Amino acid sequence: MVQSNNAGNTNSTGQAMMRMISGIAVLVVLTALLYFVAPDSFYPWAKAIHILAVISWMAGMLYLPRLLVYHADAEKGSVQSETFKVMERRLLRGIINPAMIVTWVFGLWLAWKGFGFHGGWLHAKIGAVLLLSAVHGYLAGAVRKFAEDRNEKPARHWRMINEIPTLLMIAIVILVVVKPF
């Protein structure tokens, strides 16, 4: 029963990946078109795309550790555990990874075009985003371990990890809005 269920999940995962790739391709084409057709109005569009990507990335980064909390308590090989594996993989591959890439691409372009990479607040923000990216990598590794039933961390560990993206998000927003230095 689980095997046929996995076959269905693999097929729908493949379809979801194709939709994601198509969506990213459309975003790239429309962005390039806007950049070349109306370069003077590109900056606010780039900022809007960056903000949307950050929101998507953060939504996933706040939800994924929560899934890991519940998954840590699920019995290995159970239907519940297998469901969490699918949810975690789809969230990571379909939302979090693409959102992080778009965030970085547009964020670096905005930092260069808007600020010439100058400003202490900007350097601190980039440092905080690097830390957030490291947490992202840690969570991606955890998803792989859970998928292989090799998680050794208790739910309490994932509850604590769950707070790190929130703290980094607060620091990043304050740095961007207040620009304290």
# chains A, B, ... in the order shown; residues from 1 in each chain; ligands from 1

$ residues_around --residues "region 76-89 of chain A" --least-positions-apart "2" --cutoff "7 Å" --atoms "only C-alpha atoms" --output "VMD selection string"
chain A and resid 64 67 71 74 91 to 93 143 146 to 147 149

$ atom_distance --atom1 "CA of Leu132 (chain A)" --atom2 "CA of Lys179 (chain A)"
19.1 Å

$ closest_atom_pairs --of "region 6-58 of chain A" --to "region 155-171 of chain A" --cutoff "12 Å" --atoms "only C-alpha atoms" --output "tab-separated table"
residue	atom	partner	partner_atom	distance
A:Val54	CA	A:Met169	CA	9.6
A:Ile55	CA	A:Met169	CA	10.2
A:Trp57	CA	A:Pro165	CA	10.2
A:Met58	CA	A:Pro165	CA	7.5

$ residues_around --residues "His136 (chain A)" --least-positions-apart "2" --cutoff "10 Å" --atoms "only C-alpha atoms" --output "PyMOL selection string"
chain A and resi 57+60-61+64+92+96-97+100+130-134+138-142+165

$ select_by_dssp --residues "region 6-161 of chain A" --states "alpha helix (DSSP H)" --output "number ranges by chain"
A: 6-37, 42-73, 79-91, 97-115, 120-147, 155-161

$ residues_around --residues "region 13-29 of chain A" --least-positions-apart "3" --cutoff "12 Å" --atoms "only C-alpha atoms" --output "ChimeraX atom specification"
/A:6-10,32-37,45-46,49-50,53,85-99,101-102,105-106

$ write_last_selection --atoms "C-alpha atoms" --output "compact mmCIF listing (two decimals), in the first residue's frame"
# COMPACT_ATOMS: atom_id res chain seq x y z
CA ASN A 6 4.77 6.59 -3.01
CA ALA A 7 4.42 6.05 -6.77
CA GLY A 8 1.51 8.50 -6.80
CA ASN A 9 3.50 10.94 -4.69
CA THR A 10 6.47 10.69 -7.03
CA ALA A 32 14.25 40.24 -18.33
CA LEU A 33 11.59 41.74 -20.57
CA LEU A 34 10.83 44.43 -18.01
CA TYR A 35 14.52 45.13 -17.49
CA PHE A 36 15.17 45.64 -21.21
CA VAL A 37 11.87 47.36 -22.13
CA TRP A 45 9.60 45.95 -9.63
CA ALA A 46 12.81 44.28 -8.50
CA ILE A 49 9.77 40.70 -6.45
CA HIS A 50 12.45 40.61 -3.74
CA ALA A 53 10.40 36.10 -2.47
CA LYS A 85 8.39 13.24 4.27
CA VAL A 86 6.30 14.27 1.27
CA MET A 87 5.24 17.55 2.88
CA GLU A 88 8.81 18.45 3.87
CA ARG A 89 10.27 17.60 0.46
CA ARG A 90 7.61 19.55 -1.43
CA LEU A 91 7.92 22.56 0.86
CA LEU A 92 11.69 22.61 0.54
CA ARG A 93 11.94 22.00 -3.20
CA GLY A 94 8.80 23.77 -4.34
CA ILE A 95 8.80 26.88 -2.18
CA ILE A 96 11.79 27.41 0.09
CA ASN A 97 14.63 26.71 -2.37
CA PRO A 98 13.25 28.77 -5.29
CA ALA A 99 12.25 31.60 -2.95
CA ILE A 101 17.32 31.87 -4.92
CA VAL A 102 15.04 34.69 -6.06
CA VAL A 105 19.42 37.29 -6.89
CA PHE A 106 17.17 40.32 -6.51

$ closest_residue --among "A:Ala72, A:Leu110, A:Tyr63, A:Arg144" --to "Ala48 (chain A)" --atoms "only C-alpha atoms"
A:Leu110
